[in-house]
Structure formats: structure tokens, C-alpha cells
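Undergrad: Sending over input31.cif (mmCIF, C-alpha atoms).
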```
data_input
loop_
_atom_site.group_PDB
_atom_site.id
_atom_site.type_symbol
_atom_site.label_atom_id
_atom_site.label_comp_id
_atom_site.auth_asym_id
_atom_site.auth_seq_id
_atom_site.Cartn_x
_atom_site.Cartn_y
_atom_site.Cartn_z
ATOM 1 C CA MET A 1 -24.657 16.459 -15.300
ATOM 2 C CA THR A 2 -26.601 13.183 -15.170
ATOM 3 C CA HIS A 3 -27.876 12.333 -11.697
ATOM 4 C CA THR A 4 -26.165 9.308 -10.174
ATOM 5 C CA ALA A 5 -29.035 7.353 -8.584
ATOM 6 C CA VAL A 6 -28.364 5.859 -5.158
ATOM 7 C CA ASP A 7 -30.832 3.812 -3.150
ATOM 8 C CA ASP A 8 -31.818 5.775 -0.035
ATOM 9 C CA GLY A 9 -31.531 2.758 2.217
ATOM 10 C CA GLU A 10 -28.040 1.995 0.924
ATOM 11 C CA ARG A 11 -27.007 5.623 1.326
ATOM 12 C CA VAL A 12 -28.157 5.669 4.950
ATOM 13 C CA ARG A 13 -26.532 2.312 5.737
ATOM 14 C CA VAL A 14 -23.156 3.179 4.191
ATOM 15 C CA GLY A 15 -23.350 6.721 5.569
ATOM 16 C CA GLY A 16 -23.770 5.277 9.046
ATOM 17 C CA GLU A 17 -20.692 3.094 8.575
ATOM 18 C CA LEU A 18 -18.642 6.062 7.382
ATOM 19 C CA ALA A 19 -19.797 8.149 10.329
ATOM 20 C CA ALA A 20 -18.929 5.413 12.828
ATOM 21 C CA VAL A 21 -15.403 4.963 11.424
ATOM 22 C CA SER A 22 -14.956 8.732 11.305
ATOM 23 C CA ARG A 23 -15.864 9.084 14.984
ATOM 24 C CA ALA A 24 -13.548 6.219 15.954
ATOM 25 C CA LEU A 25 -10.579 7.707 14.084
ATOM 26 C CA TYR A 26 -11.351 11.145 15.546
ATOM 27 C CA GLU A 27 -11.201 9.664 19.036
ATOM 28 C CA ARG A 28 -7.735 8.270 18.267
ATOM 29 C CA GLY A 29 -6.564 11.759 17.306
ATOM 30 C CA TRP A 30 -6.146 10.827 13.652
ATOM 31 C CA MET A 31 -8.876 13.135 12.304
ATOM 32 C CA PRO A 32 -8.649 16.294 14.422
ATOM 33 C CA GLY A 33 -11.341 18.900 13.920
ATOM 34 C CA THR A 34 -12.595 18.727 10.352
ATOM 35 C CA ALA A 35 -9.423 17.103 8.976
ATOM 36 C CA GLY A 36 -9.440 13.881 6.967
ATOM 37 C CA ASN A 37 -11.985 12.206 4.729
ATOM 38 C CA LEU A 38 -13.470 8.778 4.042
ATOM 39 C CA SER A 39 -15.429 7.299 1.172
ATOM 40 C CA VAL A 40 -17.074 4.097 -0.023
ATOM 41 C CA ARG A 41 -17.728 3.106 -3.624
ATOM 42 C CA LEU A 42 -21.383 2.333 -4.317
ATOM 43 C CA PRO A 43 -23.068 0.302 -7.073
ATOM 44 C CA GLY A 44 -23.768 2.137 -10.319
ATOM 45 C CA GLY A 45 -20.643 4.281 -10.484
ATOM 46 C CA ALA A 46 -21.238 6.427 -7.404
ATOM 47 C CA ALA A 47 -19.338 6.904 -4.162
ATOM 48 C CA LEU A 48 -20.348 8.312 -0.781
ATOM 49 C CA ILE A 49 -17.814 10.654 0.839
ATOM 50 C CA THR A 50 -17.646 12.731 3.994
ATOM 51 C CA ALA A 51 -18.767 16.332 3.566
ATOM 52 C CA SER A 52 -16.360 19.250 3.692
ATOM 53 C CA GLY A 53 -16.067 21.282 6.880
ATOM 54 C CA ARG A 54 -17.807 18.786 9.164
ATOM 55 C CA ASP A 55 -16.371 17.899 12.585
ATOM 56 C CA LYS A 56 -15.200 14.305 12.198
ATOM 57 C CA GLY A 57 -16.083 13.488 15.804
ATOM 58 C CA ASP A 58 -19.742 14.393 15.344
ATOM 59 C CA MET A 59 -20.529 12.913 11.952
ATOM 60 C CA THR A 60 -23.825 11.196 11.181
ATOM 61 C CA ALA A 61 -25.141 9.389 8.132
ATOM 62 C CA GLU A 62 -26.536 12.719 6.915
ATOM 63 C CA ASP A 63 -23.063 14.292 6.688
ATOM 64 C CA MET A 64 -22.187 12.482 3.457
ATOM 65 C CA VAL A 65 -22.259 13.510 -0.197
ATOM 66 C CA VAL A 66 -22.901 11.342 -3.261
ATOM 67 C CA VAL A 67 -20.282 11.827 -5.991
ATOM 68 C CA ARG A 68 -19.257 10.096 -9.180
ATOM 69 C CA ALA A 69 -16.597 7.578 -8.232
ATOM 70 C CA ASP A 70 -14.562 8.110 -11.397
ATOM 71 C CA THR A 71 -14.443 11.920 -11.372
ATOM 72 C CA GLY A 72 -15.366 13.112 -7.894
ATOM 73 C CA GLU A 73 -18.116 15.351 -9.277
ATOM 74 C CA GLU A 74 -21.101 15.789 -6.996
ATOM 75 C CA ALA A 75 -24.021 13.747 -8.270
ATOM 76 C CA ALA A 76 -26.631 16.394 -7.466
ATOM 77 C CA PRO A 77 -26.682 19.891 -5.937
ATOM 78 C CA GLY A 78 -27.276 20.103 -2.207
ATOM 79 C CA LEU A 79 -26.504 21.992 0.967
ATOM 80 C CA LEU A 80 -23.376 19.944 1.687
ATOM 81 C CA ARG A 81 -20.170 20.044 -0.324
ATOM 82 C CA ALA A 82 -17.993 16.991 -0.884
ATOM 83 C CA SER A 83 -14.580 16.875 0.744
ATOM 84 C CA ALA A 84 -11.997 19.154 -0.857
ATOM 85 C CA GLU A 85 -9.872 16.040 -1.483
ATOM 86 C CA THR A 86 -12.547 14.057 -3.316
ATOM 87 C CA THR A 87 -10.472 14.005 -6.508
ATOM 88 C CA ILE A 88 -7.779 11.952 -4.744
ATOM 89 C CA HIS A 89 -10.397 9.344 -3.842
ATOM 90 C CA SER A 90 -11.657 9.273 -7.430
ATOM 91 C CA ALA A 91 -8.084 8.854 -8.711
ATOM 92 C CA ILE A 92 -7.772 5.738 -6.547
ATOM 93 C CA TYR A 93 -11.158 4.382 -7.650
ATOM 94 C CA ARG A 94 -10.273 4.879 -11.325
ATOM 95 C CA THR A 95 -6.966 3.030 -11.110
ATOM 96 C CA THR A 96 -7.545 0.281 -8.518
ATOM 97 C CA ASP A 97 -10.281 -2.118 -7.468
ATOM 98 C CA ALA A 98 -10.673 -0.335 -4.115
ATOM 99 C CA SER A 99 -14.156 -0.036 -2.654
ATOM 100 C CA ALA A 100 -13.215 2.194 0.308
ATOM 101 C CA VAL A 101 -10.643 4.954 0.875
ATOM 102 C CA ILE A 102 -9.506 6.546 4.150
ATOM 103 C CA HIS A 103 -7.368 9.678 4.512
ATOM 104 C CA VAL A 104 -6.216 10.817 7.957
ATOM 105 C CA HIS A 105 -3.555 12.902 9.673
ATOM 106 C CA SER A 106 -2.268 10.221 12.038
ATOM 107 C CA PRO A 107 0.873 11.508 13.796
ATOM 108 C CA TYR A 108 3.551 8.926 12.970
ATOM 109 C CA ALA A 109 2.707 8.551 9.288
ATOM 110 C CA THR A 110 2.484 12.321 8.949
ATOM 111 C CA ALA A 111 5.853 12.726 10.654
ATOM 112 C CA VAL A 112 7.382 10.196 8.251
ATOM 113 C CA ALA A 113 5.774 12.028 5.318
ATOM 114 C CA CYS A 114 7.470 15.209 6.555
ATOM 115 C CA ARG A 115 10.831 13.431 6.773
ATOM 116 C CA THR A 116 10.744 11.590 3.455
ATOM 117 C CA GLY A 117 8.702 13.863 1.224
ATOM 118 C CA HIS A 118 9.764 16.605 -1.165
ATOM 119 C CA ARG A 119 8.013 19.816 -2.144
ATOM 120 C CA THR A 120 8.131 19.296 -5.891
ATOM 121 C CA ARG A 121 8.843 15.654 -6.756
ATOM 122 C CA LEU A 122 7.674 12.158 -5.951
ATOM 123 C CA THR A 123 9.734 10.252 -3.392
ATOM 124 C CA SER A 124 9.126 6.930 -1.650
ATOM 125 C CA LEU A 125 9.363 5.277 1.741
ATOM 126 C CA ARG A 126 11.116 1.914 1.556
ATOM 127 C CA ILE A 127 9.966 -0.569 4.183
ATOM 128 C CA GLU A 128 11.604 -3.966 4.658
ATOM 129 C CA ARG A 129 11.299 -7.018 6.907
ATOM 130 C CA LEU A 130 8.770 -5.674 9.402
ATOM 131 C CA GLU A 131 6.095 -8.234 10.280
ATOM 132 C CA LEU A 132 3.309 -5.684 9.961
ATOM 133 C CA LEU A 133 3.901 -5.538 6.214
ATOM 134 C CA LYS A 134 1.755 -8.672 6.036
ATOM 135 C CA GLY A 135 -1.220 -6.508 6.934
ATOM 136 C CA LEU A 136 -0.999 -4.584 3.667
ATOM 137 C CA GLY A 137 -1.916 -7.514 1.420
ATOM 138 C CA LEU A 138 1.253 -7.293 -0.664
ATOM 139 C CA ALA A 139 2.377 -9.843 -3.233
ATOM 140 C CA ASP A 140 5.766 -9.763 -1.481
ATOM 141 C CA PRO A 141 5.114 -9.175 2.240
ATOM 142 C CA THR A 142 8.807 -8.664 3.020
ATOM 143 C CA ARG A 143 9.235 -5.252 1.406
ATOM 144 C CA THR A 144 7.466 -2.380 -0.305
ATOM 145 C CA GLU A 145 7.889 1.238 -1.330
ATOM 146 C CA VAL A 146 5.113 3.619 -0.325
ATOM 147 C CA PRO A 147 4.912 6.668 -2.619
ATOM 148 C CA VAL A 148 5.200 10.116 -1.036
ATOM 149 C CA PHE A 149 3.580 12.789 -3.212
ATOM 150 C CA PRO A 150 4.242 16.532 -3.246
ATOM 151 C CA ASN A 151 1.572 18.478 -1.379
ATOM 152 C CA TRP A 152 0.520 20.782 -4.202
ATOM 153 C CA PRO A 153 -1.879 23.595 -3.175
ATOM 154 C CA GLU A 154 -4.161 22.469 -6.013
ATOM 155 C CA VAL A 155 -5.674 19.167 -4.898
ATOM 156 C CA PRO A 156 -6.527 18.024 -8.461
ATOM 157 C CA ARG A 157 -2.801 18.219 -9.208
ATOM 158 C CA ILE A 158 -2.104 15.797 -6.364
ATOM 159 C CA ALA A 159 -4.902 13.575 -7.687
ATOM 160 C CA ALA A 160 -3.378 13.602 -11.171
ATOM 161 C CA ASP A 161 -0.003 12.555 -9.725
ATOM 162 C CA VAL A 162 -1.685 9.751 -7.791
ATOM 163 C CA ALA A 163 -3.604 8.492 -10.831
ATOM 164 C CA ASP A 164 -0.499 8.539 -13.038
ATOM 165 C CA HIS A 165 1.570 6.654 -10.453
ATOM 166 C CA LEU A 166 -1.040 3.989 -9.727
ATOM 167 C CA ALA A 167 -1.757 3.437 -13.417
ATOM 168 C CA ALA A 168 1.953 2.948 -14.081
ATOM 169 C CA THR A 169 2.550 0.825 -10.956
ATOM 170 C CA PRO A 170 -0.081 -1.928 -10.838
ATOM 171 C CA HIS A 171 1.595 -3.654 -7.886
ATOM 172 C CA ALA A 172 1.849 -0.496 -5.777
ATOM 173 C CA PRO A 173 0.910 -0.910 -2.096
ATOM 174 C CA PRO A 174 -2.634 0.128 -1.108
ATOM 175 C CA ALA A 175 -1.369 3.263 0.573
ATOM 176 C CA LEU A 176 0.255 6.614 -0.078
ATOM 177 C CA LEU A 177 1.686 9.535 1.835
ATOM 178 C CA ILE A 178 1.504 13.237 1.009
ATOM 179 C CA THR A 179 4.409 15.432 2.060
ATOM 180 C CA ASP A 180 3.701 17.390 5.272
ATOM 181 C CA HIS A 181 0.100 16.228 5.078
ATOM 182 C CA GLY A 182 -0.923 12.690 5.960
ATOM 183 C CA ILE A 183 -1.709 9.144 4.882
ATOM 184 C CA THR A 184 -4.289 7.511 2.616
ATOM 185 C CA THR A 185 -5.121 3.801 2.469
ATOM 186 C CA TRP A 186 -7.732 1.759 0.627
ATOM 187 C CA GLY A 187 -9.213 -1.717 0.441
ATOM 188 C CA ARG A 188 -12.191 -3.885 -0.469
ATOM 189 C CA ASP A 189 -14.224 -2.273 2.337
ATOM 190 C CA LEU A 190 -13.849 0.174 5.217
ATOM 191 C CA ALA A 191 -12.650 -2.536 7.580
ATOM 192 C CA GLN A 192 -9.763 -3.546 5.334
ATOM 193 C CA ALA A 193 -8.821 0.068 4.568
ATOM 194 C CA ARG A 194 -8.802 0.802 8.306
ATOM 195 C CA ASN A 195 -6.721 -2.285 9.105
ATOM 196 C CA ARG A 196 -4.155 -1.255 6.504
ATOM 197 C CA LEU A 197 -4.133 2.257 7.925
ATOM 198 C CA GLU A 198 -3.446 0.916 11.418
ATOM 199 C CA CYS A 199 -0.646 -1.326 10.158
ATOM 200 C CA LEU A 200 1.104 1.440 8.263
ATOM 201 C CA GLU A 201 0.727 3.932 11.108
ATOM 202 C CA SER A 202 2.329 1.361 13.449
ATOM 203 C CA ILE A 203 5.105 0.728 10.911
ATOM 204 C CA CYS A 204 5.846 4.448 10.788
ATOM 205 C CA GLN A 205 5.929 4.550 14.579
ATOM 206 C CA LEU A 206 8.408 1.660 14.641
ATOM 207 C CA LEU A 207 10.616 3.301 12.007
ATOM 208 C CA LEU A 208 10.796 6.481 14.049
ATOM 209 C CA LEU A 209 11.374 4.683 17.363
ATOM 210 C CA ALA A 210 14.077 2.467 15.870
ATOM 211 C CA GLY A 211 15.852 5.423 14.299
ATOM 212 C CA SER A 212 15.672 3.735 10.911
ATOM 213 C CA ALA A 213 17.053 5.533 7.892
ATOM 214 C CA LEU A 214 14.483 8.183 7.050
ATOM 215 C CA PRO A 215 16.438 10.823 5.172
ATOM 216 C CA ALA A 216 15.030 14.306 5.456
ATOM 217 C CA GLU A 217 14.595 15.327 1.837
ATOM 218 C CA GLY A 218 15.456 18.898 0.936
ATOM 219 C CA LYS A 219 12.334 21.014 0.748
ATOM 220 C CA GLU A 220 13.681 23.321 -1.896
ATOM 221 C CA GLY A 221 12.224 22.944 -5.386
#
```
As C-alpha cells - that is how I would like this structure written.

TA:
Amino acid sequence: MTHTAVDDGERVRVGGELAAVSRALYERGWMPGTAGNLSVRLPGGAALITASGRDKGDMTAEDMVVVRADTGEEAAPGLLRASAETTIHSAIYRTTDASAVIHVHSPYATAVACRTGHRTRLTSLRIERLELLKGLGLADPTRTEVPVFPNWPEVPRIAADVADHLAATPHAPPALLITDHGITTWGRDLAQARNRLECLESICQLLLLAGSALPAEGKEG
């Protein structure tokens, strides 16, 4: 495939930012072990994403892989492999104006994804009235429905579901859940994606503490 050129200085700078956010989220218990992944869209159609199998608490700028933002394909062969969930990031980049994507296994959002998700069909988490909704940058900050996708064993199948939903739902919130898996948020940069992640994780905590209606969907197909 054609090499996606990335300026070395830019790669090191953005890689350092990704590593710093990765370490911070690891310390909060949201990216245990090698779980989770982060990426930033770069100029020229590329993206920089955390490498597969790397401890998220020990990441450095060198633990990143250049991929094509629109497909998730690695831009050039190397010793590191891109995250196994790169195709989900590329689905978001293809269908939104996001410049950064964060996926973690934060406990409250993951618990809500377990409660509201389904093994074989798309469901949604309806959120209303909570003040923290304002942190998601919604057109209507009083309510939203966060999609909860099936956790297919084949990650590209999840990515295809995500791309189809976002393409058909232009006003979807900048976040999604995956059943029994975790949460993904995005924004214009890492700071905004992280802020939205924190808001939605806190919302999920409040929903669970308040005993709000979170029906446990049947897990049978």
C-alpha cells in the first residue's frame, strides 16, 4: 500500500500526548493492563494509535503506530502492531469530524453496557435531565441516547455497525458503548475526548447509584 507520510516531529509530539493520557487513564483504573486504546488523527489522512499488547501504564511516544485514518490499515510495516480495535477508530474518523478517539474499560460505563446491551442487536442508553449532559456538546443538552453495540468477536463487524449507525445518525452523541466491553468517546482533540469520557463515566455512576431504569437486556440471540 502507499506509505502515509508523517512528519517525525509531529509523530513524536502527538505520541507523547497519547502516552501521557494513556498513563493517566491507567492510573485511574480505566485502562488495566494492556486494555483500551487511543488515537489522534494527523494531517494527510493518517492517524496515530496505541500499539497492541503494550502496558497502558508504561507507554511512551515510541509505542504508537501510524495507520490510515479512513481504513485503519498500518501505513508501513514495523515491529509494532496497531491496536486490535483500530477499525473502530477508523469507522469514527470516516463518519464524524473527530480528531481524537479514546476507548477504555472504565467500571461504571462498562457496568451500564453490561446492563443495557444485547448480544446480537443494537440497543441504546437513554439519558435525560442530568447536568453532566452539557459536557457532551449535544445540540439538545437535556437528553440523548447513547448506542450500545453488540460485542461481536470479529472487531471489523463491530466497526461496520458503528460506521452504519453514525452515518445514519448525524446528530448521534460523541460516544458509544459496547456490550460487556467498555466505552468509546471522541472529540476535536484528546482533551475534549477525555472530558466527554469523564462526563459519561460519571453519568453512568449516577445512574447506577440512583437506581435509574437500566433494564437488563436478555443476552440470548

Undergrad: Written as a list in words, what is the full residue list that the PyMOL selection byres ((chain A and resi 191) around 12) yields on the file shown?

TA: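 The output of the PyMOL selection byres ((chain A and resi 191) around 12) on this file is Glu17, Leu18, Ala20, Val21, Leu38, Val40, Ser99, Ala100, Val101, Ile102, Thr185, Trp186, Gly187, Arg188, Asp189, Leu190, Gln192, Ala193, Arg194, Asn195, Arg196, Leu197 and Glu198 of chain A.
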
Undergrad: For A:Asp7, work out the shell of residues within 12 Å, counting all atoms listed in the file and skipping chain neighbours fewer than 4 positions away, then give it as a VMD selection string.

TA: chain A and resid 11 to 15 42 to 44 46 to 48 66

Undergrad: If I put a ball of radius 8 Å at (3.5, 14.0, 4.5) in the file's coordinates, which residues poke into it when counting only C-alpha atoms, written as a PDB file with C-alpha atoms, in the coordinates of the input?

TA:
```pdb
ATOM      1  CA  ALA A 109       2.707   8.551   9.288  1.00  0.00           C
ATOM      2  CA  THR A 110       2.484  12.321   8.949  1.00  0.00           C
ATOM      3  CA  ALA A 111       5.853  12.726  10.654  1.00  0.00           C
ATOM      4  CA  VAL A 112       7.382  10.196   8.251  1.00  0.00           C
ATOM      5  CA  ALA A 113       5.774  12.028   5.318  1.00  0.00           C
ATOM      6  CA  CYS A 114       7.470  15.209   6.555  1.00  0.00           C
ATOM      7  CA  ARG A 115      10.831  13.431   6.773  1.00  0.00           C
ATOM      8  CA  THR A 116      10.744  11.590   3.455  1.00  0.00           C
ATOM      9  CA  GLY A 117       8.702  13.863   1.224  1.00  0.00           C
ATOM     10  CA  VAL A 148       5.200  10.116  -1.036  1.00  0.00           C
ATOM     11  CA  PHE A 149       3.580  12.789  -3.212  1.00  0.00           C
ATOM     12  CA  ASN A 151       1.572  18.478  -1.379  1.00  0.00           C
ATOM     13  CA  LEU A 177       1.686   9.535   1.835  1.00  0.00           C
ATOM     14  CA  ILE A 178       1.504  13.237   1.009  1.00  0.00           C
ATOM     15  CA  THR A 179       4.409  15.432   2.060  1.00  0.00           C
ATOM     16  CA  ASP A 180       3.701  17.390   5.272  1.00  0.00           C
ATOM     17  CA  HIS A 181       0.100  16.228   5.078  1.00  0.00           C
ATOM     18  CA  GLY A 182      -0.923  12.690   5.960  1.00  0.00           C
ATOM     19  CA  ILE A 183      -1.709   9.144   4.882  1.00  0.00           C
TER      20      ILE A 183
END
```

Undergrad: Could you list the residues chosen by the PyMOL selection byres ((chain A and resi 131) around 10) in this structure as a list of chain:residue names?

TA: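 That selection, the PyMOL selection byres ((chain A and resi 131) around 10), comes back as A:Glu128, A:Arg129, A:Leu130, A:Leu132, A:Leu133, A:Lys134, A:Gly135, A:Pro141, A:Thr142, A:Arg143, A:Cys199, A:Ile203.
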
Undergrad: For the residues in that selection, give me C-alpha atoms as a compact mmCIF listing (two decimals), keeping the file's coordinate frame.

TA:
```txt
# COMPACT_ATOMS: atom_id res chain seq x y z
CA GLU A 128 11.60 -3.97 4.66
CA ARG A 129 11.30 -7.02 6.91
CA LEU A 130 8.77 -5.67 9.40
CA LEU A 132 3.31 -5.68 9.96
CA LEU A 133 3.90 -5.54 6.21
CA LYS A 134 1.76 -8.67 6.04
CA GLY A 135 -1.22 -6.51 6.93
CA PRO A 141 5.11 -9.18 2.24
CA THR A 142 8.81 -8.66 3.02
CA ARG A 143 9.24 -5.25 1.41
CA CYS A 199 -0.65 -1.33 10.16
CA ILE A 203 5.11 0.73 10.91
```

Undergrad: Just give me the gap between atom CA of A:Trp152 and atom CA of A:Ala91 in Å, one decimal is fine.

TA: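 The value is 15.4 Å.
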
Undergrad: Expressed in Å to a single decimal, how great is the separation between atom CA of A:Gly57 and atom CA of A:Glu201?

TA: 19.9 Å

Undergrad: Find, counting only C-alpha atoms, the residue in A:Thr144, A:Ser22, A:Ser202, A:Thr87 that gets nearest to A:Ala61.

TA: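 With only C-alpha atoms as the atom set, the closest residue is A:Ser22.
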
Undergrad: Restricting the calculation to all atoms listed in the file, which member of A:Met64, A:Thr123, A:Leu200, A:Pro174 is positioned closest to A:Ala139?

TA: A:Pro174

Undergrad: Counting all atoms listed in the file, figure out which residue out of A:Val155, A:Arg121, A:Ser106, A:Gly137 gets nearest to A:Gln205.

TA: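 Under the stated criterion, the closest residue is A:Ser106.
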
Undergrad: Closest to A:Ala160 among A:Arg28, A:Arg94, A:Arg81, A:Arg23, using all atoms listed in the file?

TA: A:Arg94
